[in-house]
Amino acid sequence: MIKRFGKPPVCAKRYVRRPGAYAVLLRDGKMLITRQMLPYMDTPEYQLPGGGIDAGENPIPALHREVYEETGWTMGRPVRLGAFRRFTFMPEYDIWAEKLCTIYLARPGQKIGPPTEPGHEALWMDPNDAVRVLYNSGDRSFALQAIKKFDGRW
């Protein structure tokens, strides 16, 4: 069974299952996260880079694509840390989603350019500060697990 983070599903809502792949990216004592600010948002959201896996797409190519789109960086050597699910409204798609989030630990490669995904900004932060600002509790849990497990070895 995959652990749930966040609020439980609301019985009256119909949820669309939305698989996604996300990365904890660590290098030189810093963590690469994204700051997302879109017109419908009141405050920015800090997130692990990643996103939805498109129909027919495999998780690892999706992860590479999403990390690049949201940060402008390449990445390599992803290792699966685990998975969680959360139930949320996704205003950009106008759906209630059961997000199935698979989290990987990966190495940032090189910066190719700015993020190509509108409203995203790449930020390098102290890992403990990054954990504190991450928007959802599932991201926080896996990021904390990664920095504790790999303390000083990234």
# chains A, B, ... in the order shown; residues from 1 in each chain; ligands from 1
$ residues_around --residues "Trp73 of chain A" --least-positions-apart "6" --cutoff "9 Å" --atoms "only C-alpha atoms" --output "PyMOL selection string"
chain A and resi 67+108-115+122
$ residues_around --residues "segment 4-11 of chain A" --least-positions-apart "3" --cutoff "6 Å" --atoms "only C-alpha atoms" --output "list in words"
Phe84, Arg85, Arg86, Phe87 and Gly138 of chain A
$ atom_distance --atom1 "atom CA of Pro127 of chain A" --atom2 "atom CA of Gly51 of chain A"
20.4 Å
$ closest_atom_pairs --of "segment 30-52 of chain A" --to "segment 90-102 of chain A" --cutoff "10 Å" --atoms "only C-alpha atoms" --output "CSV"
residue,atom,partner,partner_atom,distance
A:Leu38,CA,A:Glu92,CA,9.2
A:Tyr40,CA,A:Pro91,CA,8.0
A:Met41,CA,A:Pro91,CA,9.4
A:Gly50,CA,A:Cys101,CA,9.3
A:Gly51,CA,A:Cys101,CA,8.4
A:Gly52,CA,A:Cys101,CA,8.7
$ closest_residue --among "A:Ala23, A:Ile2, A:Val16, A:Leu48" --to "Met75 of chain A" --atoms "only C-alpha atoms"
A:Ala23
$ residues_around --residues "Ile103 of chain A" --least-positions-apart "6" --cutoff "10 Å" --atoms "only C-alpha atoms" --output "list of chain:residue names"
A:Gly20, A:Ala21, A:Tyr22, A:Ala23, A:Val24, A:Leu48, A:Pro49, A:Gly50, A:Leu63, A:Pro78, A:Val79, A:Arg80, A:Leu81, A:Gly82, A:Ala83, A:Phe84, A:Gly138, A:Asp139, A:Phe142, A:Ala143
$ closest_residue --among "A:Ile60, A:Met1, A:Leu32, A:Ala12" --to "Val131 of chain A" --atoms "only C-alpha atoms"
A:Leu32
$ closest_residue --among "A:His120, A:Lys13, A:Arg132, A:Lys149" --to "Met37 of chain A" --atoms "only C-alpha atoms"
A:His120
$ closest_residue --among "A:Thr88, A:Thr43, A:Arg77, A:Ile147" --to "Asp126 of chain A" --atoms "only C-alpha atoms"
A:Ile147
$ select_by_dssp --residues "chain A" --states "strand (DSSP E or B)" --output "ChimeraX atom specification"
/A:3-4,16-27,30-36,45-47,50-52,73-90,95-111,120-125,134
$ select_by_dssp --residues "chain A" --states "alpha helix (DSSP H)" --output "ChimeraX atom specification"
/A:59-71,127-133,137-149
$ closest_residue --among "A:Trp124, A:Glu117, A:Lys3, A:Arg107" --to "Arg65 of chain A" --atoms "only C-alpha atoms"
A:Glu117
$ atom_distance --atom1 "atom CA of Gly29 of chain A" --atom2 "atom CA of Pro44 of chain A"
24.0 Å
$ atom_distance --atom1 "atom CA of Glu57 of chain A" --atom2 "atom CA of Leu123 of chain A"
27.0 Å
$ closest_residue --among "A:Asp129, A:Thr34, A:Leu144, A:Asp42" --to "Glu66 of chain A" --atoms "only C-alpha atoms"
A:Thr34
$ decode --residues "segment 4-24 of chain A" --atoms "N, CA, C and O atoms" --output "PDB file, in the first residue's frame"
ATOM      1  N   ARG A   4      -0.343   7.718   2.085  1.00  0.00           N
ATOM      2  CA  ARG A   4      -0.996   8.971   1.690  1.00  0.00           C
ATOM      3  C   ARG A   4      -0.458  10.093   2.557  1.00  0.00           C
ATOM      4  O   ARG A   4      -0.291   9.954   3.746  1.00  0.00           O
ATOM      5  N   PHE A   5      -0.198  11.230   1.922  1.00  0.00           N
ATOM      6  CA  PHE A   5       0.153  12.454   2.629  1.00  0.00           C
ATOM      7  C   PHE A   5      -0.932  13.480   2.346  1.00  0.00           C
ATOM      8  O   PHE A   5      -1.561  13.463   1.290  1.00  0.00           O
ATOM      9  N   GLY A   6      -1.154  14.366   3.277  1.00  0.00           N
ATOM     10  CA  GLY A   6      -2.147  15.420   3.074  1.00  0.00           C
ATOM     11  C   GLY A   6      -3.543  14.976   3.460  1.00  0.00           C
ATOM     12  O   GLY A   6      -3.737  13.977   4.157  1.00  0.00           O
ATOM     13  N   LYS A   7      -4.502  15.741   2.986  1.00  0.00           N
ATOM     14  CA  LYS A   7      -5.896  15.507   3.334  1.00  0.00           C
ATOM     15  C   LYS A   7      -6.427  14.228   2.695  1.00  0.00           C
ATOM     16  O   LYS A   7      -6.025  13.876   1.586  1.00  0.00           O
ATOM     17  N   PRO A   8      -7.366  13.557   3.373  1.00  0.00           N
ATOM     18  CA  PRO A   8      -7.983  12.367   2.770  1.00  0.00           C
ATOM     19  C   PRO A   8      -8.904  12.780   1.629  1.00  0.00           C
ATOM     20  O   PRO A   8      -9.317  13.941   1.540  1.00  0.00           O
ATOM     21  N   PRO A   9      -9.225  11.837   0.752  1.00  0.00           N
ATOM     22  CA  PRO A   9     -10.139  12.168  -0.344  1.00  0.00           C
ATOM     23  C   PRO A   9     -11.521  12.524   0.195  1.00  0.00           C
ATOM     24  O   PRO A   9     -11.947  12.026   1.232  1.00  0.00           O
ATOM     25  N   VAL A  10     -12.202  13.397  -0.530  1.00  0.00           N
ATOM     26  CA  VAL A  10     -13.570  13.783  -0.196  1.00  0.00           C
ATOM     27  C   VAL A  10     -14.499  12.856  -0.966  1.00  0.00           C
ATOM     28  O   VAL A  10     -14.384  12.740  -2.197  1.00  0.00           O
ATOM     29  N   CYS A  11     -15.403  12.200  -0.263  1.00  0.00           N
ATOM     30  CA  CYS A  11     -16.278  11.200  -0.898  1.00  0.00           C
ATOM     31  C   CYS A  11     -17.086  11.762  -2.066  1.00  0.00           C
ATOM     32  O   CYS A  11     -17.331  11.069  -3.043  1.00  0.00           O
ATOM     33  N   ALA A  12     -17.482  13.019  -1.982  1.00  0.00           N
ATOM     34  CA  ALA A  12     -18.336  13.610  -3.023  1.00  0.00           C
ATOM     35  C   ALA A  12     -17.559  13.988  -4.284  1.00  0.00           C
ATOM     36  O   ALA A  12     -18.172  14.330  -5.297  1.00  0.00           O
ATOM     37  N   LYS A  13     -16.246  13.928  -4.260  1.00  0.00           N
ATOM     38  CA  LYS A  13     -15.415  14.317  -5.408  1.00  0.00           C
ATOM     39  C   LYS A  13     -15.027  13.100  -6.229  1.00  0.00           C
ATOM     40  O   LYS A  13     -14.831  12.015  -5.709  1.00  0.00           O
ATOM     41  N   ARG A  14     -14.912  13.300  -7.527  1.00  0.00           N
ATOM     42  CA  ARG A  14     -14.395  12.270  -8.431  1.00  0.00           C
ATOM     43  C   ARG A  14     -12.958  12.655  -8.747  1.00  0.00           C
ATOM     44  O   ARG A  14     -12.700  13.749  -9.252  1.00  0.00           O
ATOM     45  N   TYR A  15     -12.022  11.770  -8.437  1.00  0.00           N
ATOM     46  CA  TYR A  15     -10.603  12.043  -8.624  1.00  0.00           C
ATOM     47  C   TYR A  15     -10.070  11.335  -9.862  1.00  0.00           C
ATOM     48  O   TYR A  15     -10.408  10.177 -10.118  1.00  0.00           O
ATOM     49  N   VAL A  16      -9.232  12.048 -10.600  1.00  0.00           N
ATOM     50  CA  VAL A  16      -8.537  11.495 -11.757  1.00  0.00           C
ATOM     51  C   VAL A  16      -7.157  11.069 -11.279  1.00  0.00           C
ATOM     52  O   VAL A  16      -6.442  11.850 -10.651  1.00  0.00           O
ATOM     53  N   ARG A  17      -6.779   9.834 -11.556  1.00  0.00           N
ATOM     54  CA  ARG A  17      -5.460   9.346 -11.158  1.00  0.00           C
ATOM     55  C   ARG A  17      -4.407  10.024 -12.041  1.00  0.00           C
ATOM     56  O   ARG A  17      -4.502  10.009 -13.262  1.00  0.00           O
ATOM     57  N   ARG A  18      -3.407  10.604 -11.403  1.00  0.00           N
ATOM     58  CA  ARG A  18      -2.376  11.361 -12.108  1.00  0.00           C
ATOM     59  C   ARG A  18      -0.994  10.917 -11.621  1.00  0.00           C
ATOM     60  O   ARG A  18      -0.509  11.371 -10.587  1.00  0.00           O
ATOM     61  N   PRO A  19      -0.340   9.983 -12.344  1.00  0.00           N
ATOM     62  CA  PRO A  19       1.010   9.560 -11.938  1.00  0.00           C
ATOM     63  C   PRO A  19       2.038  10.641 -12.265  1.00  0.00           C
ATOM     64  O   PRO A  19       1.906  11.369 -13.258  1.00  0.00           O
ATOM     65  N   GLY A  20       3.045  10.733 -11.399  1.00  0.00           N
ATOM     66  CA  GLY A  20       4.098  11.712 -11.623  1.00  0.00           C
ATOM     67  C   GLY A  20       5.428  11.219 -11.080  1.00  0.00           C
ATOM     68  O   GLY A  20       5.485  10.302 -10.265  1.00  0.00           O
ATOM     69  N   ALA A  21       6.495  11.833 -11.552  1.00  0.00           N
ATOM     70  CA  ALA A  21       7.857  11.507 -11.121  1.00  0.00           C
ATOM     71  C   ALA A  21       8.532  12.800 -10.685  1.00  0.00           C
ATOM     72  O   ALA A  21       8.449  13.821 -11.379  1.00  0.00           O
ATOM     73  N   TYR A  22       9.207  12.751  -9.531  1.00  0.00           N
ATOM     74  CA  TYR A  22       9.804  13.932  -8.917  1.00  0.00           C
ATOM     75  C   TYR A  22      11.200  13.592  -8.423  1.00  0.00           C
ATOM     76  O   TYR A  22      11.476  12.441  -8.099  1.00  0.00           O
ATOM     77  N   ALA A  23      12.065  14.618  -8.331  1.00  0.00           N
ATOM     78  CA  ALA A  23      13.460  14.363  -7.973  1.00  0.00           C
ATOM     79  C   ALA A  23      13.920  15.202  -6.791  1.00  0.00           C
ATOM     80  O   ALA A  23      13.624  16.394  -6.703  1.00  0.00           O
ATOM     81  N   VAL A  24      14.667  14.543  -5.901  1.00  0.00           N
ATOM     82  CA  VAL A  24      15.473  15.227  -4.906  1.00  0.00           C
ATOM     83  C   VAL A  24      16.848  15.353  -5.554  1.00  0.00           C
ATOM     84  O   VAL A  24      17.488  14.339  -5.851  1.00  0.00           O
TER      85      VAL A  24
END
